[in-house]
Each structure stands twice: as structure tokens, then as C-alpha cells.
$ cat data-v3.txt   # compact mmCIF, C-alpha atoms
# COMPACT_ATOMS: atom_id res chain seq x y z
CA MET A 1 -24.50 -28.65 42.94
CA ALA A 2 -21.57 -27.51 40.76
CA ASP A 3 -18.11 -27.32 42.28
CA ASP A 4 -18.05 -23.50 42.32
CA GLU A 5 -21.50 -23.37 43.90
CA ALA A 6 -20.47 -25.86 46.57
CA TYR A 7 -17.33 -23.83 47.27
CA ASP A 8 -19.30 -20.62 47.66
CA ALA A 9 -21.96 -22.28 49.82
CA VAL A 10 -19.43 -23.79 52.23
CA LYS A 11 -17.54 -20.49 52.35
CA ALA A 12 -20.70 -18.59 53.24
CA SER A 13 -21.44 -21.05 56.05
CA LEU A 14 -17.94 -20.88 57.50
CA MET A 15 -17.84 -17.09 57.31
CA LYS A 16 -20.74 -17.00 59.77
CA ALA A 17 -18.36 -18.48 62.34
CA ASP A 18 -15.72 -15.82 61.73
CA THR A 19 -15.39 -13.85 64.95
CA THR A 20 -12.11 -12.19 63.92
CA GLY A 21 -13.47 -10.13 61.05
CA LYS A 22 -10.46 -11.25 59.00
CA GLY A 23 -11.86 -14.32 57.26
CA HIS A 24 -10.56 -16.77 59.90
CA ILE A 25 -12.31 -19.47 61.90
CA ALA A 26 -11.18 -20.74 65.29
CA ARG A 27 -9.52 -24.14 64.92
CA ASP A 28 -11.67 -25.79 67.62
CA VAL A 29 -14.84 -24.47 65.97
CA LEU A 30 -13.72 -25.80 62.60
CA ILE A 31 -13.07 -29.23 64.13
CA LYS A 32 -16.57 -29.28 65.64
CA ILE A 33 -18.07 -28.43 62.27
CA LEU A 34 -16.06 -31.16 60.56
CA GLU A 35 -17.17 -33.68 63.17
CA LYS A 36 -20.77 -33.12 62.06
CA VAL A 37 -20.13 -33.57 58.33
CA ALA A 38 -17.18 -35.98 58.19
CA ASP A 39 -17.32 -39.65 57.29
CA LEU A 40 -18.18 -41.77 60.31
CA THR A 41 -14.87 -43.62 59.96
CA LEU A 42 -13.05 -40.42 60.92
CA THR A 43 -12.89 -40.00 64.68
CA SER A 44 -12.61 -36.69 66.50
CA PRO A 45 -8.89 -37.29 67.25
CA ASP A 46 -8.35 -38.00 63.53
CA LEU A 47 -9.95 -34.71 62.58
CA GLU A 48 -8.03 -32.82 65.23
CA ARG A 49 -4.74 -34.29 64.00
CA PHE A 50 -5.62 -33.39 60.40
CA VAL A 51 -6.52 -29.77 61.17
CA SER A 52 -3.61 -29.25 63.59
CA SER A 53 -0.99 -30.73 61.25
CA THR A 54 -2.29 -28.98 58.13
CA PHE A 55 -3.22 -25.62 59.68
CA GLY A 56 -1.02 -24.99 62.68
CA GLN A 57 -2.44 -21.64 63.73
CA GLU A 58 -5.27 -21.20 66.26
CA HIS A 59 -7.39 -19.32 63.73
CA VAL A 60 -7.52 -21.02 60.34
CA PRO A 61 -7.85 -18.85 57.20
CA ILE A 62 -11.17 -19.86 55.64
CA ALA A 63 -9.98 -19.29 52.06
CA ALA A 64 -6.88 -21.44 52.63
CA PHE A 65 -8.97 -24.21 54.18
CA LEU A 66 -11.39 -24.20 51.25
CA ASP A 67 -8.62 -24.12 48.65
CA PHE A 68 -7.06 -27.15 50.36
CA ILE A 69 -10.33 -29.10 50.59
CA PHE A 70 -11.43 -28.26 47.05
CA GLN A 71 -7.84 -28.80 45.78
CA ARG A 72 -7.52 -25.44 44.11
CA PHE A 73 -4.63 -23.18 43.40
CA PRO A 74 -4.80 -20.40 45.99
CA GLY A 75 -6.60 -17.30 44.83
CA LEU A 76 -7.67 -18.55 41.41
CA LYS A 77 -11.26 -19.73 41.21
CA GLY A 78 -11.73 -23.10 39.54
CA ALA A 79 -8.03 -23.93 39.19
CA GLN A 80 -7.45 -27.57 40.01
CA ASP A 81 -3.96 -28.14 41.41
CA VAL A 82 -4.61 -31.86 41.82
CA ASP A 83 -5.26 -32.34 38.09
CA LEU A 84 -2.04 -30.69 36.91
CA SER A 85 -0.04 -32.45 39.60
CA ALA A 86 -1.46 -35.81 38.53
CA VAL A 87 -0.61 -35.11 34.89
CA PHE A 88 2.94 -34.11 35.76
CA GLN A 89 3.47 -37.24 37.85
CA CYS A 90 2.02 -39.48 35.12
CA ILE A 91 4.50 -38.13 32.57
CA ASP A 92 7.53 -37.87 34.90
CA LYS A 93 8.30 -41.59 34.85
CA ASN A 94 11.83 -41.30 36.26
CA ARG A 95 10.56 -39.12 39.15
CA ASN A 96 13.32 -36.53 38.82
CA GLY A 97 10.93 -33.59 39.01
CA PHE A 98 11.29 -32.64 35.34
CA LEU A 99 9.53 -33.59 32.12
CA GLU A 100 12.05 -34.57 29.48
CA LYS A 101 11.36 -34.89 25.77
CA HIS A 102 11.46 -38.68 25.73
CA GLU A 103 8.93 -38.77 28.59
CA VAL A 104 6.54 -36.44 26.77
CA VAL A 105 6.90 -38.46 23.55
CA ALA A 106 6.17 -41.65 25.51
CA ALA A 107 3.11 -40.02 27.07
CA ALA A 108 1.88 -38.79 23.68
CA ASN A 109 2.14 -42.33 22.30
CA SER A 110 0.62 -43.88 25.40
CA ALA A 111 -2.88 -45.24 25.83
CA ASP A 112 -2.70 -44.58 29.58
CA SER A 113 -6.33 -44.37 30.71
CA GLU A 114 -5.47 -41.94 33.52
CA LEU A 115 -3.87 -39.48 31.10
CA VAL A 116 -6.81 -39.82 28.71
CA HIS A 117 -9.17 -39.01 31.57
CA LEU A 118 -7.08 -36.01 32.65
CA CYS A 119 -7.02 -34.68 29.08
CA GLN A 120 -10.79 -34.75 29.15
CA GLN A 121 -10.74 -32.75 32.39
CA ILE A 122 -8.19 -30.24 31.05
CA PRO A 123 -8.75 -29.90 27.27
CA SER A 124 -5.71 -27.65 26.77
CA LEU A 125 -3.53 -30.66 27.66
CA GLN A 126 -4.52 -32.43 24.46
CA PRO A 127 -2.13 -30.54 22.13
CA PHE A 128 0.74 -31.07 24.58
CA LEU A 129 0.09 -34.81 24.52
CA SER A 130 -0.54 -34.99 20.77
CA VAL A 131 2.01 -36.91 18.68
CA GLU A 132 1.91 -34.18 16.03
CA LYS A 133 1.88 -31.09 18.27
CA TRP A 134 3.77 -31.87 21.49
CA GLU A 135 7.12 -30.36 20.43
CA LYS A 136 5.85 -26.82 19.90
CA HIS A 137 4.16 -26.82 23.30
CA PHE A 138 7.24 -28.33 24.91
CA LEU A 139 9.40 -25.50 23.54
CA ASP A 140 6.83 -22.91 24.66
CA MET A 141 6.89 -24.33 28.21
CA ASP A 142 10.68 -24.62 28.40
CA THR A 143 11.21 -20.93 29.12
CA ASN A 144 14.80 -21.32 30.32
CA GLU A 145 15.64 -23.50 27.28
CA ASP A 146 17.37 -26.23 29.28
CA GLY A 147 15.66 -29.05 27.38
CA LYS A 148 13.32 -30.06 30.19
CA ILE A 149 10.19 -28.73 31.85
CA SER A 150 10.17 -27.98 35.57
CA TRP A 151 7.03 -28.05 37.72
CA PHE A 152 7.16 -24.24 37.84
CA GLU A 153 7.26 -23.98 34.02
CA PHE A 154 4.47 -26.55 33.70
CA VAL A 155 2.13 -24.80 36.14
CA ARG A 156 2.86 -21.36 34.78
CA PHE A 157 2.21 -22.42 31.18
CA PHE A 158 -1.26 -23.75 31.88
CA LEU A 159 -2.19 -20.81 34.06
CA SER A 160 -0.99 -18.33 31.44
CA ALA A 161 -2.71 -20.25 28.66
CA GLY A 162 -6.00 -19.93 30.51
CA ALA A 163 -6.28 -23.64 31.25
CA CYS A 164 -7.01 -22.76 34.86
CA GLU A 165 -8.74 -19.43 34.25
CA ALA A 166 -5.74 -17.32 35.19
CA GLN A 167 -6.58 -13.63 35.31
CA ALA A 168 -3.27 -12.26 34.08
CA SER A 169 0.27 -13.31 33.37
CA GLU A 170 1.56 -11.85 36.66
CA ASP A 171 -1.09 -13.83 38.54
CA ALA A 172 0.17 -16.97 36.78
CA ASP A 173 3.75 -16.24 37.87
CA LEU A 174 2.77 -15.65 41.48
CA VAL A 175 0.53 -18.70 41.71
CA ALA A 176 3.20 -20.94 40.19
CA VAL A 177 5.76 -19.68 42.74
CA PHE A 178 3.35 -20.06 45.64
CA VAL A 179 2.43 -23.62 44.64
CA CYS A 180 6.08 -24.60 44.24
CA ILE A 181 6.90 -23.46 47.79
CA ASP A 182 3.64 -24.63 49.42
CA LYS A 183 4.60 -28.31 49.55
CA ASN A 184 1.80 -29.43 51.88
CA ARG A 185 -0.79 -27.63 49.70
CA ASN A 186 -2.57 -26.01 52.64
CA GLY A 187 -2.76 -22.60 51.03
CA SER A 188 -0.22 -20.93 53.35
CA LEU A 189 3.57 -20.70 53.33
CA GLU A 190 5.10 -21.79 56.62
CA LYS A 191 8.63 -20.97 57.75
CA ALA A 192 9.72 -24.58 57.28
CA GLU A 193 8.53 -24.53 53.66
CA VAL A 194 10.27 -21.25 52.87
CA LEU A 195 13.45 -22.47 54.58
CA ALA A 196 13.29 -25.69 52.55
CA ALA A 197 13.05 -23.61 49.39
CA VAL A 198 15.98 -21.46 50.54
CA ASN A 199 18.16 -24.54 51.18
CA SER A 200 17.01 -26.43 48.10
CA ASP A 201 19.40 -27.16 45.26
CA ASP A 202 16.41 -27.36 42.91
CA SER A 203 17.18 -25.36 39.77
CA GLY A 204 13.52 -24.40 39.71
CA ILE A 205 14.15 -22.06 42.67
CA GLN A 206 16.73 -20.12 40.68
CA GLU A 207 14.36 -20.11 37.76
CA ILE A 208 11.65 -18.58 39.95
CA CYS A 209 14.02 -15.79 41.02
CA ASN A 210 14.94 -15.18 37.38
CA GLN A 211 11.27 -14.86 36.53
CA ILE A 212 10.46 -12.64 39.53
CA PRO A 213 13.62 -10.91 40.87
CA ALA A 214 11.67 -9.32 43.74
CA LEU A 215 11.37 -12.82 45.23
CA LEU A 216 15.11 -13.09 45.80
CA PRO A 217 15.14 -11.73 49.40
CA LEU A 218 12.55 -14.35 50.44
CA LEU A 219 14.65 -17.15 48.93
CA LYS A 220 18.13 -16.12 50.12
CA LYS A 221 19.73 -17.51 53.30
CA ASP A 222 20.74 -14.13 54.68
CA SER A 223 17.44 -12.33 54.08
CA TRP A 224 14.56 -14.84 54.00
CA GLN A 225 13.54 -14.39 57.64
CA ALA A 226 13.22 -10.61 57.43
CA ALA A 227 11.33 -10.95 54.15
CA PHE A 228 9.04 -13.56 55.71
CA GLU A 229 8.19 -11.23 58.61
CA ASN A 230 7.46 -8.37 56.19
CA LEU A 231 5.08 -10.59 54.24
CA ASP A 232 3.38 -11.99 57.35
CA THR A 233 1.36 -8.86 58.01
CA ASN A 234 -0.97 -10.43 60.59
CA ALA A 235 1.99 -12.02 62.44
CA ASP A 236 0.43 -15.50 62.59
CA GLY A 237 3.65 -17.25 61.55
CA MET A 238 2.39 -18.07 58.05
CA ILE A 239 2.12 -16.26 54.72
CA SER A 240 -1.35 -16.53 53.25
CA TRP A 241 -2.03 -16.26 49.53
CA TYR A 242 -3.60 -12.85 50.16
CA GLU A 243 -0.48 -11.57 51.96
CA PHE A 244 1.83 -13.06 49.32
CA SER A 245 -0.01 -11.77 46.27
CA THR A 246 -0.79 -8.35 47.76
CA PHE A 247 2.87 -7.78 48.68
CA PHE A 248 4.39 -8.88 45.38
CA LYS A 249 1.82 -7.19 43.17
CA LYS A 250 2.66 -3.96 44.99
CA VAL A 251 6.43 -4.45 44.96
CA CYS A 252 6.91 -5.97 41.53
CA ASN A 253 4.62 -3.80 39.41
CA ASN A 254 5.84 -4.04 35.82
CA SER A 255 8.93 -6.09 36.75
CA MET A 256 6.62 -9.08 37.25
CA ARG A 257 6.46 -9.58 33.49
CA VAL A 258 8.90 -12.09 32.02

$ encode --input "data-v3.txt" --output "C-alpha cells"
Amino acid sequence: MADDEAYDAVKASLMKADTTGKGHIARDVLIKILEKVADLTLTSPDLERFVSSTFGQEHVPIAAFLDFIFQRFPGLKGAQDVDLSAVFQCIDKNRNGFLEKHEVVAAANSADSELVHLCQQIPSLQPFLSVEKWEKHFLDMDTNEDGKISWFEFVRFFLSAGACEAQASEDADLVAVFVCIDKNRNGSLEKAEVLAAVNSDDSGIQEICNQIPALLPLLKKDSWQAAFENLDTNADGMISWYEFSTFFKKVCNNSMRV
């Protein structure tokens, strides 16, 4: 069964257990389902710890759970977060969270089997890691022209280029922002993650606000909490991809475009 077919089949099964009518499944029900399909080496307490630590709410959003399990960007079908993250980490040898020119050149000249495999998985990576073509793609990615590529710029480039089947440039912006804040990759933004972004000295945060000015209230110390509560329309203490994208598509309109 293809990945998309498996995703849809599992989603259809889980939706049958949705008693909320909002696309959520009770956490204890989800744990019982996982107990039946999980590897025998995983005990019930292990599964409970996993679900509780990754999805803190009593009713787990089914879409967020599936995006986490299938390692997808939230809201974009077929987009593999794990692949792009692995590529970024392979190139970022000094682990400073940016891709610098010398690192990209080294990667382009490398015979690293992992990078070769990832290029096969994501064909649009090949020009970026080509000795002859890397510089043009580097300059295209480096939207703030600071001579290095942030994770936000990297994700946004491949989404916009269609590498991950992005539907539009504003979708690419929103997904890139969401992924940058969603550190535990569970498909929801928790208060701790937003607060970490607010207190971060990462230049990528400022870059995000430059790209999408409407985000500024969510990422400012004096306004993030009120913005969080406005976004959290179902008051479950987390911002789902649906809540995030619905709010900003409505608020930003044409200002979403870079």
C-alpha cells in the first residue's frame, strides 16, 4: 500500500472512534488502539508515556497524530519533514542551525551515501547539491541576503518550489513558520513552544516576522499570550495546524506574500 493510501486508510479507521465530531480521538482510546498494532517490545506504559508526552490533551487531534506518525508537514499531503530535516542536518556540519556556503560546497563535493539517498527521495535537491549549480540555488534560498540559509529559508524554498507539493506560496510561508515553532513535531503548537520562540535569540524568528508581519503579536513578549488564546479557538491549550492556518489566511490576505 502506498504511503498516501496507508495514511488515508488509518485516518478513516481513527475517524470512526471520533465521538467529538471535531476530528479528535480520546487519548485512552488511541492508546488501546496502539496497543493492538504496536511492536510487542512496546509495553502499555511505554505507549501511554509516548502519547501523553507528545499529545498532552485528553482528546488528540487525529490529523496531528497522523502527521506526526507519517512524519509529514502539517496540512500538506505528502510533504516529508523528516527528509528535509535530515538533509539540513547532513549539510550543517558545525551544527549552528544555518547552512553556510562552505558547507554547501563540501556537501556538493561529497560522496556521502546518506545525501545521495536523500537526493533520490527529493529530486529537487539535486541542483542544490550540484557542483555546477549550487550557488544559484543558494542565492535563491538566502532571501534575507545574510550569506547563510536558515531552517526557515530552507523549508520555505522547497515548499515553494513544489518539492513537497505545496499548494501556494502563502501555504509555504505558513508551513515553514509552523514547523520552525513546532519543535517536538507533534503537529500542534503548545504554549511552551511559542514561549520558547518568543524568548529565542534566533535570527530566524525575526526573519519569520519580516516575511509575515501578522505573526508579530504571537511572537512578542507583551502580546503572545493574548494572540495564542485568539488562535486556540477550541480552548484545548494548543494551536492546531487548522487553527493556525485558518487564522492567518484570514488575517494576512495579500500581506502574506513576500

$ atom_distance --input "data-v3.txt" --atom1 "CA of Ser223 (chain A)" --atom2 "CA of Asn186 (chain A)"
24.3 Å

$ atom_distance --input "data-v3.txt" --atom1 "CA of Glu193 (chain A)" --atom2 "CA of Phe178 (chain A)"
10.5 Å

$ atom_distance --input "data-v3.txt" --atom1 "CA of Thr54 (chain A)" --atom2 "CA of Arg185 (chain A)"
8.7 Å

$ residues_around --input "data-v3.txt" --residues "region 197-202 of chain A" --least-positions-apart "2" --cutoff "9 Å" --atoms "all atoms listed in the file" --output "list in words"
Cys180, Ile181, Ala192, Glu193, Val194, Leu195, Gly204, Ile205, Gln206, Leu218, Leu219, Lys220, Lys221 and Trp224 of chain A

$ closest_residue --input "data-v3.txt" --among "A:Phe50, A:His137, A:Ser13, A:Ile69" --to "Ile33 (chain A)" --atoms "all atoms listed in the file"
A:Ser13

$ residues_near_point --input "data-v3.txt" --point "(3.0, -8.7, 48.1)" --cutoff "10 Å" --atoms "all atoms listed in the file" --output "VMD selection string"
chain A and resid 174 214 to 215 230 to 232 241 to 252

$ residues_around --input "data-v3.txt" --residues "Ala64 (chain A)" --least-positions-apart "2" --cutoff "9 Å" --atoms "only C-alpha atoms" --output "ChimeraX atom specification"
/A:55,60-62,66-69,74-75,186-188,240-241

$ write_last_selection --input "data-v3.txt" --atoms "C-alpha atoms" --output "short mmCIF file (atom, residue, chain, number, x, y, z; two decimals), keeping the file's coordinate frame"
data_model
loop_
_atom_site.label_atom_id
_atom_site.label_comp_id
_atom_site.auth_asym_id
_atom_site.auth_seq_id
_atom_site.Cartn_x
_atom_site.Cartn_y
_atom_site.Cartn_z
CA PHE A 55 -3.22 -25.62 59.68
CA VAL A 60 -7.52 -21.02 60.34
CA PRO A 61 -7.85 -18.85 57.20
CA ILE A 62 -11.17 -19.86 55.64
CA LEU A 66 -11.39 -24.20 51.25
CA ASP A 67 -8.62 -24.12 48.65
CA PHE A 68 -7.06 -27.15 50.36
CA ILE A 69 -10.33 -29.10 50.59
CA PRO A 74 -4.80 -20.40 45.99
CA GLY A 75 -6.60 -17.30 44.83
CA ASN A 186 -2.57 -26.01 52.64
CA GLY A 187 -2.76 -22.60 51.03
CA SER A 188 -0.22 -20.93 53.35
CA SER A 240 -1.35 -16.53 53.25
CA TRP A 241 -2.03 -16.26 49.53
#

$ residues_around --input "data-v3.txt" --residues "region 18-21 of chain A" --least-positions-apart "2" --cutoff "12 Å" --atoms "all atoms listed in the file" --output "VMD selection string"
chain A and resid 11 to 16 23 to 27 29 to 30 58 to 63 234

$ closest_residue --input "data-v3.txt" --among "A:Asn184, A:Asn109, A:Asn94, A:Gln126" --to "Ser53 (chain A)" --atoms "only C-alpha atoms"
A:Asn184

$ closest_residue --input "data-v3.txt" --among "A:Phe70, A:Phe98, A:Phe65, A:Phe88" --to "Gly147 (chain A)" --atoms "all atoms listed in the file"
A:Phe98
